[in-house]
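Novice: Data file work.csv (CSV, C-alpha atoms) is appended below.
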```csv
chain,number,residue,atom,x,y,z
Q,4,MET,CA,-26.0,1.3,1.8
Q,5,LEU,CA,-26.0,-2.2,3.2
Q,6,ARG,CA,-29.4,-1.8,4.7
Q,7,ALA,CA,-30.8,-0.4,1.5
Q,8,ILE,CA,-29.5,-3.4,-0.5
Q,9,ALA,CA,-31.0,-5.7,2.1
Q,10,LEU,CA,-34.4,-3.9,1.8
Q,11,ALA,CA,-34.3,-4.2,-2.0
Q,12,LEU,CA,-33.7,-7.9,-1.7
Q,13,VAL,CA,-36.7,-8.3,0.6
Q,14,VAL,CA,-39.0,-6.4,-1.7
Q,15,ALA,CA,-37.8,-8.4,-4.7
Q,16,THR,CA,-38.4,-11.7,-2.8
Q,17,THR,CA,-41.9,-10.7,-1.8
Q,18,ALA,CA,-42.8,-9.6,-5.4
Q,19,ALA,CA,-41.6,-12.9,-6.8
Q,20,ALA,CA,-43.5,-15.0,-4.2
Q,21,CYS,CA,-46.4,-15.7,-6.6
Q,22,ALA,CA,-44.2,-16.5,-9.6
Q,23,THR,CA,-42.6,-19.8,-10.5
Q,24,PRO,CA,-39.1,-19.8,-9.0
Q,25,GLU,CA,-36.3,-20.1,-11.4
Q,26,PRO,CA,-32.9,-21.6,-10.6
Q,27,GLN,CA,-30.5,-18.9,-9.5
Q,28,PRO,CA,-26.7,-19.0,-10.3
Q,29,ASP,CA,-24.4,-19.7,-7.4
Q,30,PRO,CA,-22.8,-16.3,-6.5
Q,31,GLY,CA,-19.7,-18.1,-5.2
Q,32,PRO,CA,-18.2,-18.0,-1.8
Q,33,PRO,CA,-17.8,-14.7,0.0
Q,34,TRP,CA,-14.1,-15.5,0.4
Q,35,ARG,CA,-11.7,-15.9,-2.5
Q,36,GLU,CA,-8.2,-17.2,-2.1
Q,37,GLY,CA,-5.0,-16.0,-3.7
Q,38,GLU,CA,-1.4,-15.5,-3.0
Q,39,LEU,CA,1.1,-12.7,-2.4
Q,40,PHE,CA,3.6,-11.7,-5.1
Q,41,GLU,CA,5.7,-14.8,-6.1
Q,42,GLY,CA,4.7,-16.6,-3.0
Q,43,ARG,CA,6.3,-14.0,-0.6
Q,44,ARG,CA,5.4,-14.6,3.0
Q,45,ARG,CA,4.5,-11.9,5.5
Q,46,LEU,CA,3.6,-11.7,9.2
Q,47,GLU,CA,2.8,-8.5,11.1
Q,48,ALA,CA,3.2,-6.6,7.8
Q,49,SER,CA,1.1,-3.4,7.1
Q,50,ALA,CA,-1.5,-2.8,4.4
Q,51,ALA,CA,-2.9,0.4,3.0
Q,52,VAL,CA,-5.0,1.4,0.0
Q,53,LEU,CA,-3.9,3.6,-2.9
Q,54,GLY,CA,-6.9,3.9,-5.3
Q,55,THR,CA,-7.5,0.4,-6.6
Q,56,ARG,CA,-4.3,-1.0,-5.2
Q,57,ILE,CA,-3.6,-2.8,-1.9
Q,58,VAL,CA,-0.1,-1.8,-0.8
Q,59,VAL,CA,1.8,-4.1,1.6
Q,60,TYR,CA,4.9,-3.1,3.5
Q,61,GLY,CA,7.3,-4.7,5.9
Q,62,GLY,CA,6.8,-7.5,8.3
Q,63,PHE,CA,8.5,-10.8,9.1
Q,64,THR,CA,9.4,-12.9,6.1
Q,65,THR,CA,10.8,-16.0,7.9
Q,66,SER,CA,9.9,-18.0,11.0
Q,67,ASP,CA,11.9,-18.2,14.2
Q,68,ARG,CA,13.2,-21.7,13.0
Q,69,GLU,CA,14.7,-20.5,9.8
Q,70,VAL,CA,18.0,-19.0,8.7
Q,71,PRO,CA,17.9,-16.0,8.7
Q,72,ARG,CA,15.7,-16.0,11.8
Q,73,LEU,CA,12.7,-13.7,11.8
Q,74,ALA,CA,14.0,-11.6,8.9
Q,75,ILE,CA,12.2,-8.3,8.5
Q,76,THR,CA,11.8,-6.7,5.1
Q,77,ASN,CA,11.6,-3.1,3.8
Q,78,GLU,CA,10.0,-4.3,0.6
Q,79,VAL,CA,6.8,-2.6,-0.7
Q,80,LEU,CA,4.4,-4.6,-2.8
Q,81,ALA,CA,1.2,-3.4,-4.6
Q,82,TYR,CA,-1.7,-5.6,-5.6
Q,83,ASN,CA,-3.8,-4.2,-8.5
Q,84,THR,CA,-7.4,-5.3,-7.5
Q,85,LEU,CA,-8.6,-4.7,-11.1
Q,86,THR,CA,-6.1,-6.9,-12.9
Q,87,GLY,CA,-5.2,-9.3,-10.0
Q,88,THR,CA,-1.4,-8.6,-10.6
Q,89,TRP,CA,1.4,-7.5,-8.3
Q,90,ASP,CA,4.1,-4.8,-8.7
Q,91,VAL,CA,7.1,-3.9,-6.6
Q,92,MET,CA,7.2,-0.3,-5.4
Q,93,PRO,CA,10.3,1.6,-4.2
Q,94,PRO,CA,11.6,0.1,-0.9
Q,95,ALA,CA,11.1,1.9,2.3
Q,96,PRO,CA,14.2,3.4,4.1
Q,97,VAL,CA,13.5,1.2,7.2
Q,98,ALA,CA,12.5,-2.4,7.8
Q,99,TRP,CA,9.8,-2.6,10.5
Q,100,THR,CA,7.0,-4.7,11.6
Q,101,HIS,CA,3.6,-3.5,13.0
Q,102,ALA,CA,4.0,-0.2,11.1
Q,103,GLY,CA,1.4,2.5,10.6
Q,104,LEU,CA,0.7,2.6,6.9
Q,105,ALA,CA,-1.8,4.9,5.1
Q,106,GLY,CA,-2.6,6.0,1.6
Q,107,VAL,CA,-3.9,9.5,1.1
Q,108,GLY,CA,-4.4,11.3,-2.2
Q,109,GLY,CA,-2.0,9.0,-4.0
Q,110,THR,CA,0.8,9.4,-1.4
Q,111,LEU,CA,1.8,6.5,0.8
Q,112,PHE,CA,2.7,7.4,4.5
Q,113,LEU,CA,4.7,5.2,6.8
Q,114,LEU,CA,4.1,6.4,10.4
Q,115,GLY,CA,6.2,4.6,13.0
Q,116,GLY,CA,6.5,0.9,13.7
Q,117,LEU,CA,8.4,-1.7,15.7
Q,118,GLU,CA,12.0,-2.5,15.1
Q,119,GLY,CA,13.7,-5.9,15.4
Q,120,GLU,CA,12.9,-8.9,17.6
Q,121,GLN,CA,12.9,-6.6,20.6
Q,122,PHE,CA,10.0,-4.6,19.1
Q,123,ALA,CA,11.6,-1.3,19.8
Q,124,ALA,CA,9.1,1.5,19.1
Q,125,ARG,CA,10.0,3.9,16.3
Q,126,GLY,CA,8.4,7.2,15.6
Q,127,GLU,CA,9.9,8.3,12.3
Q,128,VAL,CA,7.6,9.2,9.4
Q,129,PHE,CA,8.2,8.8,5.7
Q,130,ALA,CA,6.2,9.5,2.6
Q,131,LEU,CA,6.3,8.2,-1.0
Q,132,ALA,CA,4.7,10.6,-3.4
Q,133,PRO,CA,3.0,9.4,-6.6
Q,134,GLY,CA,5.6,8.4,-9.2
Q,135,ALA,CA,8.5,9.0,-6.8
Q,136,LEU,CA,11.5,6.7,-6.7
Q,137,GLU,CA,12.5,7.5,-3.1
Q,138,TRP,CA,10.7,8.1,0.2
Q,139,THR,CA,11.1,11.5,1.9
Q,140,ALA,CA,11.2,12.1,5.7
Q,141,ARG,CA,8.4,13.9,7.3
Q,142,ALA,CA,7.9,15.1,10.9
Q,143,SER,CA,8.3,12.3,13.5
Q,144,MET,CA,5.9,11.5,16.2
Q,145,PRO,CA,6.2,13.7,19.3
Q,146,ASP,CA,9.0,12.8,21.7
Q,147,GLY,CA,8.1,9.9,24.0
Q,148,LEU,CA,5.1,8.9,21.8
Q,149,ALA,CA,6.7,6.6,19.3
Q,150,ARG,CA,4.8,3.4,18.7
Q,151,GLY,CA,3.8,0.5,16.4
Q,152,ALA,CA,0.8,-1.8,16.3
Q,153,ALA,CA,-1.5,1.2,16.4
Q,154,ALA,CA,-5.0,1.4,14.8
Q,155,ILE,CA,-4.7,3.6,11.7
Q,156,VAL,CA,-7.5,5.7,10.2
Q,157,ALA,CA,-6.7,7.8,7.1
Q,158,THR,CA,-8.8,10.7,5.8
Q,159,GLN,CA,-8.1,13.3,3.0
Q,160,GLY,CA,-6.4,15.6,5.5
Q,161,ASN,CA,-5.3,13.6,8.5
Q,162,VAL,CA,-4.0,10.2,9.6
Q,163,TYR,CA,-5.1,9.0,13.1
Q,164,VAL,CA,-2.8,6.8,15.1
Q,165,LEU,CA,-4.8,5.3,17.9
Q,166,GLY,CA,-3.3,3.4,20.8
Q,167,GLY,CA,-0.5,1.0,20.0
Q,168,ALA,CA,2.7,-0.6,21.5
Q,169,THR,CA,5.6,1.4,22.8
Q,170,THR,CA,8.9,0.0,23.8
Q,171,ASP,CA,7.6,-0.3,27.4
Q,172,GLY,CA,4.1,-1.7,26.7
Q,173,VAL,CA,0.7,-0.7,25.4
Q,174,THR,CA,-0.5,2.9,25.3
Q,175,ALA,CA,-3.8,4.7,25.5
Q,176,THR,CA,-2.5,7.8,23.8
Q,177,CYS,CA,-3.9,8.8,20.4
Q,178,LEU,CA,-2.3,11.1,17.8
Q,179,VAL,CA,-3.4,12.8,14.6
Q,180,TYR,CA,-1.0,13.7,11.9
Q,181,SER,CA,-1.9,16.7,9.6
Q,182,ILE,CA,-0.7,16.0,6.1
Q,183,ALA,CA,-0.9,19.7,4.9
Q,184,THR,CA,1.1,21.2,7.8
Q,185,ASP,CA,3.3,18.1,8.6
Q,186,THR,CA,2.5,18.4,12.3
Q,187,TRP,CA,1.2,16.2,15.1
Q,188,MET,CA,-1.5,16.8,17.7
Q,189,GLN,CA,-2.6,14.6,20.6
Q,190,LEU,CA,-6.2,13.5,21.0
Q,191,PRO,CA,-7.9,12.4,24.3
Q,192,ASP,CA,-6.5,9.1,25.6
Q,193,LEU,CA,-8.5,5.9,25.1
Q,194,PRO,CA,-10.2,4.8,28.4
Q,195,VAL,CA,-8.1,1.6,28.3
Q,196,ALA,CA,-4.6,1.2,26.9
Q,197,ARG,CA,-4.3,-1.2,24.0
Q,198,SER,CA,-2.4,-2.3,20.9
Q,199,HIS,CA,-3.5,-4.2,17.8
Q,200,ALA,CA,-7.0,-2.6,17.8
Q,201,ALA,CA,-9.4,-2.2,14.8
Q,202,ALA,CA,-10.7,1.3,13.9
Q,203,MET,CA,-12.8,3.2,11.4
Q,204,ARG,CA,-14.1,6.8,10.8
Q,205,VAL,CA,-17.8,7.4,10.4
Q,206,GLU,CA,-19.1,9.9,7.8
Q,207,ASP,CA,-19.8,12.4,10.6
Q,208,GLY,CA,-16.2,12.3,11.7
Q,209,THR,CA,-16.7,10.0,14.7
Q,210,LEU,CA,-13.7,7.6,15.3
Q,211,ILE,CA,-14.4,4.0,16.4
Q,212,VAL,CA,-11.9,1.9,18.1
Q,213,ALA,CA,-12.7,-1.8,18.7
Q,214,GLY,CA,-10.9,-4.5,20.6
Q,215,GLY,CA,-7.2,-5.0,20.8
Q,216,VAL,CA,-4.6,-6.4,23.1
Q,217,GLY,CA,-4.4,-5.1,26.7
Q,218,ALA,CA,-1.6,-4.5,29.1
Q,219,LEU,CA,-1.2,-8.1,30.2
Q,220,GLY,CA,-1.7,-9.5,26.7
Q,221,GLN,CA,-5.4,-10.1,27.3
Q,222,PRO,CA,-7.8,-9.9,24.4
Q,223,LEU,CA,-10.1,-6.8,24.6
Q,224,GLY,CA,-13.6,-6.6,23.3
Q,225,ASP,CA,-14.6,-3.1,24.4
Q,226,VAL,CA,-15.6,-0.5,21.7
Q,227,TYR,CA,-15.3,3.3,22.0
Q,228,ALA,CA,-16.4,6.2,19.9
Q,229,LEU,CA,-14.9,9.7,19.8
Q,230,THR,CA,-16.9,12.4,18.0
Q,231,LEU,CA,-14.7,15.2,16.7
Q,232,GLN,CA,-16.9,18.3,16.5
Q,233,ILE,CA,-16.2,21.9,17.3
Q,234,THR,CA,-17.9,22.4,20.7
Q,235,PRO,CA,-17.0,24.3,23.9
Q,236,ASP,CA,-16.4,21.0,25.6
Q,237,PRO,CA,-13.5,18.7,24.7
Q,238,PRO,CA,-14.3,15.4,23.0
Q,239,VAL,CA,-14.7,12.3,25.2
Q,240,TRP,CA,-14.6,8.7,24.3
Q,241,GLN,CA,-18.0,7.1,24.7
Q,242,ILE,CA,-18.5,3.3,25.2
Q,243,ARG,CA,-20.3,1.4,22.5
Q,244,GLU,CA,-21.6,-2.2,22.0
Q,245,PRO,CA,-18.7,-4.6,22.7
Q,246,MET,CA,-17.4,-7.0,20.2
Q,247,PRO,CA,-19.0,-10.5,20.4
Q,248,THR,CA,-15.5,-12.0,20.2
Q,249,ALA,CA,-12.8,-10.2,22.2
Q,250,ARG,CA,-9.6,-10.1,20.2
Q,251,GLY,CA,-6.6,-8.2,19.0
Q,252,GLY,CA,-4.8,-8.1,15.7
Q,253,CYS,CA,-7.7,-8.7,13.4
Q,254,ALA,CA,-7.4,-7.7,9.7
Q,255,TYR,CA,-9.9,-4.8,9.4
Q,256,GLY,CA,-11.4,-2.3,7.1
Q,257,THR,CA,-14.5,-0.3,6.3
Q,258,VAL,CA,-16.9,-1.9,3.9
Q,259,PHE,CA,-20.2,0.0,2.9
Q,260,GLY,CA,-19.8,2.1,6.1
Q,261,GLN,CA,-19.3,-0.9,8.4
Q,262,LEU,CA,-16.2,-2.0,10.3
Q,263,VAL,CA,-15.3,-5.6,9.3
Q,264,CYS,CA,-12.9,-7.4,11.6
Q,265,ALA,CA,-11.4,-10.7,10.3
Q,266,GLY,CA,-9.4,-13.2,12.3
Q,267,GLY,CA,-7.0,-12.0,15.0
Q,268,GLU,CA,-5.9,-13.6,18.2
Q,269,SER,CA,-7.7,-14.4,21.5
Q,270,GLY,CA,-5.5,-15.6,24.2
Q,271,ALA,CA,-3.4,-18.5,22.8
Q,272,THR,CA,-5.7,-19.0,19.8
Q,273,ALA,CA,-5.6,-17.7,16.2
Q,274,LEU,CA,-9.2,-17.0,14.9
Q,275,ARG,CA,-11.3,-17.5,11.8
Q,276,VAL,CA,-14.1,-15.5,13.2
Q,277,VAL,CA,-15.4,-12.5,11.1
Q,278,GLU,CA,-17.7,-9.9,12.6
Q,279,MET,CA,-19.0,-6.5,11.4
Q,280,TYR,CA,-19.9,-3.4,13.3
Q,281,ASP,CA,-22.6,-1.0,12.2
Q,282,PRO,CA,-21.8,2.4,13.9
Q,283,THR,CA,-25.3,3.8,13.2
Q,284,LEU,CA,-27.2,0.9,14.8
Q,285,ASN,CA,-24.5,0.1,17.3
Q,286,THR,CA,-24.8,-3.6,16.5
Q,287,TRP,CA,-22.5,-6.4,15.5
Q,288,THR,CA,-23.2,-9.1,12.9
Q,289,ASP,CA,-21.6,-12.5,12.3
Q,290,LEU,CA,-20.1,-13.0,8.8
Q,291,PRO,CA,-18.8,-16.1,7.1
Q,292,ALA,CA,-15.5,-17.2,8.7
Q,293,LEU,CA,-12.1,-16.9,7.0
Q,294,PRO,CA,-11.0,-19.9,5.0
Q,295,ALA,CA,-8.3,-20.5,7.6
Q,296,GLU,CA,-7.2,-19.2,11.0
Q,297,ARG,CA,-5.2,-16.0,10.7
Q,298,ALA,CA,-3.3,-13.9,13.3
Q,299,GLY,CA,-0.9,-11.1,12.5
Q,300,ALA,CA,-2.5,-10.5,9.1
Q,301,SER,CA,-3.1,-7.0,7.7
Q,302,GLY,CA,-6.2,-5.7,6.0
Q,303,GLY,CA,-7.2,-3.2,3.3
Q,304,VAL,CA,-10.4,-2.4,1.5
Q,305,ALA,CA,-10.6,-1.6,-2.2
Q,306,ALA,CA,-13.7,-1.8,-4.3
Q,307,GLN,CA,-15.7,-2.6,-1.1
Q,308,ARG,CA,-13.7,-5.8,-0.7
Q,309,LEU,CA,-11.6,-6.6,2.4
Q,310,HIS,CA,-8.2,-8.0,1.5
Q,311,VAL,CA,-6.5,-10.0,4.2
Q,312,VAL,CA,-2.8,-10.3,3.6
Q,313,GLY,CA,-0.4,-12.9,5.0
Q,314,GLY,CA,-0.4,-13.7,8.8
Q,315,SER,CA,0.0,-17.0,10.6
Q,316,ALA,CA,-2.4,-19.9,11.1
Q,317,SER,CA,-1.3,-20.0,14.8
Q,318,LEU,CA,0.3,-17.7,17.3
Q,319,MET,CA,3.7,-19.0,16.3
Q,320,PHE,CA,6.0,-17.0,14.1
Q,321,GLU,CA,5.1,-18.7,10.9
Q,322,PRO,CA,4.5,-16.2,8.1
Q,323,THR,CA,2.2,-17.3,5.2
Q,324,SER,CA,1.8,-16.1,1.6
Q,325,SER,CA,-2.0,-16.1,1.6
Q,326,LEU,CA,-4.3,-13.4,0.2
Q,327,PHE,CA,-8.0,-13.8,1.2
Q,328,VAL,CA,-10.5,-11.4,-0.4
Q,329,PHE,CA,-14.0,-10.9,1.1
Q,330,ASN,CA,-17.0,-9.7,-0.8
Q,331,LEU,CA,-19.8,-8.6,1.6
Q,332,LEU,CA,-22.4,-8.6,-1.2
Q,333,ASP,CA,-22.0,-12.4,-1.6
Q,334,THR,CA,-23.3,-12.8,1.9
Q,335,ILE,CA,-26.5,-10.9,1.5
Q,336,ASP,CA,-29.8,-12.8,1.6
Q,337,THR,CA,-32.8,-12.6,3.8
Q,338,ALA,CA,-31.8,-15.6,5.9
Q,339,ARG,CA,-28.4,-14.2,7.0
Q,340,LEU,CA,-28.9,-10.6,8.0
Q,341,GLY,CA,-29.6,-11.1,11.8
Q,342,SER,CA,-27.8,-8.5,13.9
Q,343,ARG,CA,-27.1,-8.8,17.6
```
Could you show the structure in this file as structure tokens?
Specialist:
Amino acid sequence: MLRAIALALVVATTAAACATPEPQPDPGPPWREGELFEGRRRLEASAAVLGTRIVVYGGFTTSDREVPRLAITNEVLAYNTLTGTWDVMPPAPVAWTHAGLAGVGGTLFLLGGLEGEQFAARGEVFALAPGALEWTARASMPDGLARGAAAIVATQGNVYVLGGATTDGVTATCLVYSIATDTWMQLPDLPVARSHAAAMRVEDGTLIVAGGVGALGQPLGDVYALTLQITPDPPVWQIREPMPTARGGCAYGTVFGQLVCAGGESGATALRVVEMYDPTLNTWTDLPALPAERAGASGGVAAQRLHVVGGSASLMFEPTSSLFVFNLLDTIDTARLGSR
């Protein structure tokens, strides 16, 4: 889709070369700035998409210098991307950070997370059906495989929970939750254990996992692909082109079939860097930077726009109320489409 748009722009530019150029309206910056509901602050919250809404759950609401210290919320907020307004949804039965959150078919799923300042891994699963006032319990993650800070990919039938952080450290294990049967299966382990990775699913079913935070807290830039097809041989993770900027914890989402990774952390630094991965060409492209550094932010894509929710401007526990919205179409011109 993106390449088709770019080609159309090139053709239009060539056809107009002999005509007298007319002033073109400024399309505006690719990043638009807003704020969470009533200025609420969030750090290490989770975001998911329900139709045209960006749903935000959990996370820290205060810093480590406030009273109460590092408060964690079970509040669930929903941003209507069509009207630019916020609503409050039924609160979750638990208050976690780094949770797995996914929206499928109008139902919201909460799949594990980290509890308290000790970041204890939890594996319970809850679902909020359309119009429901209360969450219901679903099958928990398998024994010994509870986690938070996993990369989450949702499809119509499954939710993939890739890598993450256990109570004892990062994990390479990957799980898939079947919505219809309320059961869990284990996929092949990632080649390298990690938490805070970015992920996407390609149209052919291939899973992509990019970057993350490794066992010693080091930023990772390696990228892997797992093609899930029915063959006699079990699927194996294959290495892909690495991220230009190694990082973990970026706000990510799939825009026009590309994985967009915004911000995150690299060592002791919060980032503004935004990069995009094309799984067909196996290339990365630089995109306009975030308006400000953000680590610990969450991301969700609605109407082909990436919404970056909350986070901190540094690696300190300083939650913010920012909402940054990225429109890829505002970046497209013939001078800014170089891939690497």
Novice: Which residues are close to Ile75 of chain Q, i.e. within 6 Å by only C-alpha atoms, leaving aside same-chain residues fewer than 6 positions away? Reply as a PyMOL selection string.
Specialist: chain Q and resi 62-64+98
Novice: Could you save those same residues with C-alpha atoms as a PDB file, keeping the file's coordinate frame?
Specialist:
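Below is the file that was written, again-v4.pdb:
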```pdb
ATOM      1  CA  GLY Q  62       6.800  -7.500   8.300  1.00  0.00           C
ATOM      2  CA  PHE Q  63       8.500 -10.800   9.100  1.00  0.00           C
ATOM      3  CA  THR Q  64       9.400 -12.900   6.100  1.00  0.00           C
ATOM      4  CA  ALA Q  98      12.500  -2.400   7.800  1.00  0.00           C
TER       5      ALA Q  98
END
```
Novice: Could you check how far atom CA of Gly220 of chain Q sits from atom CA of His199 of chain Q, in Å to one decimal?
Specialist: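 Between these atoms lies a distance of 10.5 Å.
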Novice: Hey, what's within 10 Å of Cys264 of chain Q if we count all atoms listed in the file and toss same-chain stuff fewer than 4 positions away? As number ranges by chain, please?
Specialist: Q: 200-202, 213-214, 246, 250-257, 276-280, 290, 302, 309
Novice: So which one's closest to Pro237 of chain Q, Q:Ser269, Q:Leu190, Q:Ala218, Q:Val91? Using only C-alpha atoms, please.
Specialist: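 Ranking Q:Ser269, Q:Leu190, Q:Ala218, Q:Val91 by distance to Pro237 of chain Q, first place goes to Q:Leu190.
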Novice: What's the separation between atom CA of Arg204 of chain Q and atom CA of Asn77 of chain Q, in Å to one decimal place?
Specialist: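 Distance between the two atoms: 28.4 Å.
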Novice: Identify which of the residues Q:Arg68, Q:Arg141, Q:Arg45, Q:Arg150 lies closest to Ala102 of chain Q, counting only C-alpha atoms when measuring atom-to-atom distances.
Specialist: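 Closest candidate: Q:Arg150.
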Novice: With a distance cut-off of 8 Å and only C-alpha atoms, select the neighbouring residues of Phe129 of chain Q, excluding the residue or stretch itself and same-chain residues fewer than 6 positions from it, and output the selection as a ChimeraX atom specification.
Specialist: /Q:112-114,138-141
Novice: Go ahead and write the selection's residues with C-alpha atoms as a CSV table (one decimal), keeping the file's coordinate frame.
Specialist:
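That gives us out11.csv:
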```
chain,number,residue,atom,x,y,z
Q,112,PHE,CA,2.7,7.4,4.5
Q,113,LEU,CA,4.7,5.2,6.8
Q,114,LEU,CA,4.1,6.4,10.4
Q,138,TRP,CA,10.7,8.1,0.2
Q,139,THR,CA,11.1,11.5,1.9
Q,140,ALA,CA,11.2,12.1,5.7
Q,141,ARG,CA,8.4,13.9,7.3
```
Novice: Need the shell around Val107 of chain Q: protein/DNA/RNA residues with any atom at most 8 Å away, counting only C-alpha atoms. Skip same-chain ones fewer than 6 positions apart. Format as a list in words?
Specialist: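 Listing them by chain and then by number gives Leu53, Ala157, Thr158, Gln159 and Gly160 of chain Q.
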Novice: Could you tell me which of Q:Glu268, Q:Asp281, Q:Asp90, Q:Asp192 comes closest to Glu296 of chain Q if we count all atoms listed in the file?
Specialist: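 For Glu296 of chain Q, the nearest of the candidates is Q:Glu268.
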Novice: Which of these residues is nearest to Tyr227 of chain Q, using all atoms listed in the file: Q:Leu131, Q:Leu104, Q:Met144, Q:Ala196?
Specialist: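 Counting all atoms listed in the file, the residue closest to Tyr227 of chain Q is Q:Ala196.
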Novice: Atom CA of Thr176 of chain Q to atom CA of Val164 of chain Q: how many Å, to one decimal?
Specialist: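 Computed distance, atom CA of Thr176 of chain Q to atom CA of Val164 of chain Q, equals 8.8 Å.
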Novice: Can you tell me which residues surround Ser198 of chain Q at a distance of at most 6 Å, considering all atoms listed in the file, apart from same-chain residues fewer than 3 positions away, and format the answer as a PyMOL selection string?
Specialist: chain Q and resi 152-153+166-168+173+215-216
Novice: Pick out the closest residue to Leu73 of chain Q from this set: Q:Gly119, Q:Gly314, Q:Gly103, Q:Pro32. Count only C-alpha atoms.
Specialist: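 Using only C-alpha atoms, the shortest distance to Leu73 of chain Q belongs to Q:Gly119.
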Novice: From (8.1, -14.3, 8.9), in the file's coordinates, out to 10 Å: which residues are reached, counting only C-alpha atoms? Answer as a ChimeraX atom specification.
Specialist: /Q:43-48,62-69,71-76,313-315,319-324
Novice: Give the answer as one residue: which of Q:Pro245, Q:Gly208, Q:Pro191, Q:Gly266 has the shortest atom-to-atom distance to Asn161 of chain Q, using only C-alpha atoms?
Specialist: Q:Gly208
Novice: Would you mind completing segment 59-71 of chain Q to N, CA and C atoms and writing the output as a PDB file, in the frame of the given file?
Specialist:
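Output file out_26.pdb is given in full below:
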```pdb
ATOM      1  N   VAL Q  59       1.356  -3.346   0.452  1.00  0.00           N
ATOM      2  CA  VAL Q  59       1.800  -4.100   1.600  1.00  0.00           C
ATOM      3  C   VAL Q  59       3.268  -3.785   1.879  1.00  0.00           C
ATOM      4  N   TYR Q  60       3.537  -3.460   3.138  1.00  0.00           N
ATOM      5  CA  TYR Q  60       4.900  -3.100   3.500  1.00  0.00           C
ATOM      6  C   TYR Q  60       5.360  -3.857   4.742  1.00  0.00           C
ATOM      7  N   GLY Q  61       6.666  -4.178   4.753  1.00  0.00           N
ATOM      8  CA  GLY Q  61       7.300  -4.700   5.900  1.00  0.00           C
ATOM      9  C   GLY Q  61       6.868  -6.013   6.434  1.00  0.00           C
ATOM     10  N   GLY Q  62       7.170  -6.298   7.707  1.00  0.00           N
ATOM     11  CA  GLY Q  62       6.800  -7.500   8.300  1.00  0.00           C
ATOM     12  C   GLY Q  62       7.844  -8.598   8.319  1.00  0.00           C
ATOM     13  N   PHE Q  63       7.593  -9.656   9.074  1.00  0.00           N
ATOM     14  CA  PHE Q  63       8.500 -10.800   9.100  1.00  0.00           C
ATOM     15  C   PHE Q  63       8.323 -11.620   7.818  1.00  0.00           C
ATOM     16  N   THR Q  64       9.435 -12.103   7.281  1.00  0.00           N
ATOM     17  CA  THR Q  64       9.400 -12.900   6.100  1.00  0.00           C
ATOM     18  C   THR Q  64       9.831 -14.359   6.333  1.00  0.00           C
ATOM     19  N   THR Q  65      10.422 -14.617   7.497  1.00  0.00           N
ATOM     20  CA  THR Q  65      10.800 -16.000   7.900  1.00  0.00           C
ATOM     21  C   THR Q  65      10.380 -16.271   9.287  1.00  0.00           C
ATOM     22  N   SER Q  66      10.350 -17.549   9.621  1.00  0.00           N
ATOM     23  CA  SER Q  66       9.900 -18.000  11.000  1.00  0.00           C
ATOM     24  C   SER Q  66      11.099 -17.872  11.933  1.00  0.00           C
ATOM     25  N   ASP Q  67      10.835 -18.220  13.191  1.00  0.00           N
ATOM     26  CA  ASP Q  67      11.900 -18.200  14.200  1.00  0.00           C
ATOM     27  C   ASP Q  67      12.698 -19.532  14.162  1.00  0.00           C
ATOM     28  N   ARG Q  68      12.413 -20.394  13.180  1.00  0.00           N
ATOM     29  CA  ARG Q  68      13.200 -21.700  13.000  1.00  0.00           C
ATOM     30  C   ARG Q  68      13.969 -21.697  11.755  1.00  0.00           C
ATOM     31  N   GLU Q  69      13.995 -20.588  11.034  1.00  0.00           N
ATOM     32  CA  GLU Q  69      14.700 -20.500   9.800  1.00  0.00           C
ATOM     33  C   GLU Q  69      15.967 -19.696   9.872  1.00  0.00           C
ATOM     34  N   VAL Q  70      16.771 -19.791   8.823  1.00  0.00           N
ATOM     35  CA  VAL Q  70      18.000 -19.000   8.700  1.00  0.00           C
ATOM     36  C   VAL Q  70      17.817 -18.150   7.406  1.00  0.00           C
ATOM     37  N   PRO Q  71      17.797 -16.818   7.477  1.00  0.00           N
ATOM     38  CA  PRO Q  71      17.900 -16.000   8.700  1.00  0.00           C
ATOM     39  C   PRO Q  71      16.642 -16.077   9.537  1.00  0.00           C
TER      40      PRO Q  71
END
```
